[in-house]
Amino acid sequence: MSSYSATGIVLSRTLLGDNDRIITVYTKEYGKVSAVAKGARKAGSRLSGATELFTSARLLMAKGRSLDVVSQCEITESFQVLRHDLELMARATYLCELLDHTTVAHDHTACDRLYDLLMGALYLLQRAKSYPDGVVHAFELHLLAELGYAPVLEECIRCGERIEEGSASISVLQGGLLCREHRHVVRDAELLTGEALLLLLQLRDQEADTILHLSPNPRITAEIARMLRRYISVRIDRPLKSIAFLDEIRHTGA
Ligand SMILES: [Zn+2]
């Protein structure tokens, strides 16, 4: 049985027998892999911390016939700040589940960039104060771009007319903006306010640190949250479990 090492972030985990876990990890080197962490649920196991959600760890894995087995681990970042704040934890959990659902196992395409994208978002979330959803939406937009689903936010997807400042329309199904003329010919065209469009462009284009200082109007943040929810939901095969938790947290402002 051969071994390999990888640096990865735990995206999800399930129980196996009385003492073990199966973890799904997004690794910088190999993309998404699943592995058995034997004894991870035993008290005092050195694997228990490394199998917590959104922990980043250096892992040594042994190739198995069906599933690989974690043989050694060393936590590189446990994101304690996120674990002690429900509002941030809900968002971190969502980011992990979203990456899990939009990638397939052992796909190396852009795996180093996707790993860095998630790590960067988790680090940024730890510092988010006024607008943690800004980190979430920036992650969503960058992830969509990596997957080839980036919404077109500069021009009409039908005729290429440049969309200048002000309200526009967007088609979630067709993936971008529509000019005044073409919004009438696309069935699911919906209004996108100029402020929402501007915020989307800021979240997509600005430096990570700048996003932390944004403090947009709640009406606008709700508008882009709804739009991106629909945009993503039509591009994944099943609903994300973490959404209910995230919505509850957003609603109560915990
Ligand atoms: Zn047009």
# chains A, B, ... in the order shown; residues from 1 in each chain; ligands from 1
>>> residues_near_ligand(ligand="ligand 1", cutoff="12 Å", atoms="only C-alpha atoms and all ligand atoms", output="ChimeraX atom specification")
/A:154-163,168-171,176-186,189
>>> write_last_selection(atoms="N, CA and C atoms", output="short mmCIF file (atom, residue, chain, number, x, y, z; two decimals), in the first residue's frame")
data_model
loop_
_atom_site.label_atom_id
_atom_site.label_comp_id
_atom_site.auth_asym_id
_atom_site.auth_seq_id
_atom_site.Cartn_x
_atom_site.Cartn_y
_atom_site.Cartn_z
N GLU A 154 -20.95 42.91 -17.00
CA GLU A 154 -20.55 44.15 -17.69
C GLU A 154 -21.43 44.47 -18.89
N GLU A 155 -21.94 43.44 -19.51
CA GLU A 155 -22.64 43.67 -20.78
C GLU A 155 -23.81 42.71 -20.92
N CYS A 156 -24.68 43.08 -21.86
CA CYS A 156 -25.85 42.24 -22.13
C CYS A 156 -25.40 40.91 -22.72
N ILE A 157 -25.94 39.81 -22.17
CA ILE A 157 -25.52 38.50 -22.65
C ILE A 157 -26.12 38.17 -24.03
N ARG A 158 -27.11 38.97 -24.45
CA ARG A 158 -27.72 38.74 -25.76
C ARG A 158 -27.03 39.52 -26.87
N CYS A 159 -26.76 40.81 -26.62
CA CYS A 159 -26.26 41.65 -27.72
C CYS A 159 -24.89 42.25 -27.44
N GLY A 160 -24.39 42.09 -26.20
CA GLY A 160 -23.06 42.62 -25.90
C GLY A 160 -23.04 44.10 -25.57
N GLU A 161 -24.22 44.73 -25.51
CA GLU A 161 -24.25 46.16 -25.18
C GLU A 161 -23.73 46.35 -23.77
N ARG A 162 -22.85 47.35 -23.66
CA ARG A 162 -22.26 47.65 -22.36
C ARG A 162 -23.34 48.15 -21.40
N ILE A 163 -23.37 47.62 -20.20
CA ILE A 163 -24.35 48.07 -19.21
C ILE A 163 -23.67 49.10 -18.32
N ALA A 168 -30.20 47.38 -13.87
CA ALA A 168 -30.11 46.49 -15.02
C ALA A 168 -31.04 45.32 -14.75
N SER A 169 -31.08 44.39 -15.66
CA SER A 169 -31.79 43.15 -15.40
C SER A 169 -30.79 42.02 -15.51
N ILE A 170 -31.12 40.95 -14.84
CA ILE A 170 -30.22 39.80 -14.88
C ILE A 170 -31.03 38.52 -15.10
N SER A 171 -30.47 37.62 -15.85
CA SER A 171 -31.05 36.29 -15.99
C SER A 171 -30.16 35.30 -15.24
N GLY A 176 -26.26 36.17 -16.70
CA GLY A 176 -25.71 37.51 -16.81
C GLY A 176 -26.74 38.59 -17.04
N LEU A 177 -26.22 39.79 -17.28
CA LEU A 177 -27.06 40.97 -17.41
C LEU A 177 -27.76 41.02 -18.76
N LEU A 178 -28.85 41.80 -18.78
CA LEU A 178 -29.61 42.02 -20.01
C LEU A 178 -29.84 43.52 -20.17
N CYS A 179 -29.75 43.99 -21.40
CA CYS A 179 -30.01 45.41 -21.67
C CYS A 179 -31.53 45.65 -21.63
N ARG A 180 -31.91 46.93 -21.77
CA ARG A 180 -33.34 47.28 -21.69
C ARG A 180 -34.16 46.55 -22.74
N GLU A 181 -33.59 46.36 -23.89
CA GLU A 181 -34.33 45.70 -24.96
C GLU A 181 -34.48 44.20 -24.70
N HIS A 182 -33.38 43.58 -24.30
CA HIS A 182 -33.41 42.12 -24.21
C HIS A 182 -33.98 41.57 -22.91
N ARG A 183 -34.21 42.45 -21.94
CA ARG A 183 -34.82 41.93 -20.71
C ARG A 183 -36.25 41.45 -20.96
N HIS A 184 -36.84 41.90 -22.08
CA HIS A 184 -38.21 41.50 -22.37
C HIS A 184 -38.27 40.17 -23.11
N VAL A 185 -37.14 39.69 -23.58
CA VAL A 185 -37.20 38.45 -24.37
C VAL A 185 -36.67 37.24 -23.59
N VAL A 186 -36.20 37.50 -22.37
CA VAL A 186 -35.70 36.38 -21.56
C VAL A 186 -36.68 36.15 -20.42
N ALA A 189 -35.81 37.08 -16.61
CA ALA A 189 -35.14 38.36 -16.32
C ALA A 189 -35.73 39.00 -15.07
#
>>> residues_around(residues="Ser71 of chain A", least_positions_apart="5", cutoff="7 Å", atoms="only C-alpha atoms", output="PyMOL selection string")
chain A and resi 60-62
>>> residues_around(residues="Phe79 of chain A", least_positions_apart="6", cutoff="9 Å", atoms="only C-alpha atoms", output="ChimeraX atom specification")
/A:54-56,122-123,126
>>> write_last_selection(atoms="N, CA and C atoms", output="PDB file, in the first residue's frame")
ATOM      1  N   PHE A  54     -13.703  22.388   8.552  1.00  0.00           N
ATOM      2  CA  PHE A  54     -12.844  23.501   8.125  1.00  0.00           C
ATOM      3  C   PHE A  54     -11.508  23.626   8.866  1.00  0.00           C
ATOM      4  N   THR A  55     -11.035  22.503   9.409  1.00  0.00           N
ATOM      5  CA  THR A  55      -9.652  22.475   9.899  1.00  0.00           C
ATOM      6  C   THR A  55      -8.725  22.243   8.708  1.00  0.00           C
ATOM      7  N   SER A  56      -7.607  22.913   8.722  1.00  0.00           N
ATOM      8  CA  SER A  56      -6.607  22.645   7.691  1.00  0.00           C
ATOM      9  C   SER A  56      -5.491  21.822   8.317  1.00  0.00           C
ATOM     10  N   LEU A 122     -11.602  31.662   4.601  1.00  0.00           N
ATOM     11  CA  LEU A 122     -11.702  31.313   6.030  1.00  0.00           C
ATOM     12  C   LEU A 122     -10.870  32.284   6.879  1.00  0.00           C
ATOM     13  N   TYR A 123      -9.677  32.606   6.396  1.00  0.00           N
ATOM     14  CA  TYR A 123      -8.850  33.590   7.120  1.00  0.00           C
ATOM     15  C   TYR A 123      -9.549  34.946   7.183  1.00  0.00           C
ATOM     16  N   GLN A 126     -12.429  35.203   9.635  1.00  0.00           N
ATOM     17  CA  GLN A 126     -12.008  35.377  11.040  1.00  0.00           C
ATOM     18  C   GLN A 126     -11.906  36.855  11.399  1.00  0.00           C
TER      19      GLN A 126
END
>>> closest_residue(among="A:Ala110, A:Ile232, A:Ile211, A:Leu99", to="Leu11 of chain A", atoms="only C-alpha atoms")
A:Leu99
>>> residues_around(residues="Arg113 of chain A", least_positions_apart="6", cutoff="12 Å", atoms="only C-alpha atoms", output="ChimeraX atom specification")
/A:26-31,119-120,139,142-143,145-147
>>> residues_around(residues="Asp237 of chain A", least_positions_apart="4", cutoff="12 Å", atoms="only C-alpha atoms", output="list of chain:residue names")
A:Leu98, A:Asp100, A:His101, A:Thr102, A:Thr103, A:Ile232, A:Ser233
>>> write_last_selection(atoms="C-alpha atoms", output="CSV table (one decimal), in the first residue's frame")
chain,number,residue,atom,x,y,z
A,98,LEU,CA,-20.5,24.7,-1.4
A,100,ASP,CA,-17.8,20.1,-1.7
A,101,HIS,CA,-20.9,20.1,-3.9
A,102,THR,CA,-19.4,21.9,-6.8
A,103,THR,CA,-16.3,19.7,-7.2
A,232,ILE,CA,-26.0,28.9,-7.5
A,233,SER,CA,-29.1,26.7,-6.8
>>> atom_distance(atom1="atom CA of Cys73 of chain A", atom2="atom CA of Met89 of chain A")
23.0 Å
>>> closest_atom_pairs(of="segment 176-226 of chain A", to="segment 242-252 of chain A", cutoff="12 Å", atoms="only C-alpha atoms", output="tab-separated table")
residue	atom	partner	partner_atom	distance
A:Pro218	CA	A:Arg250	CA	10.9
A:Thr221	CA	A:Arg250	CA	10.9
A:Ala222	CA	A:Arg250	CA	9.6
A:Ala225	CA	A:Asp247	CA	10.3
A:Arg226	CA	A:Asp247	CA	10.9
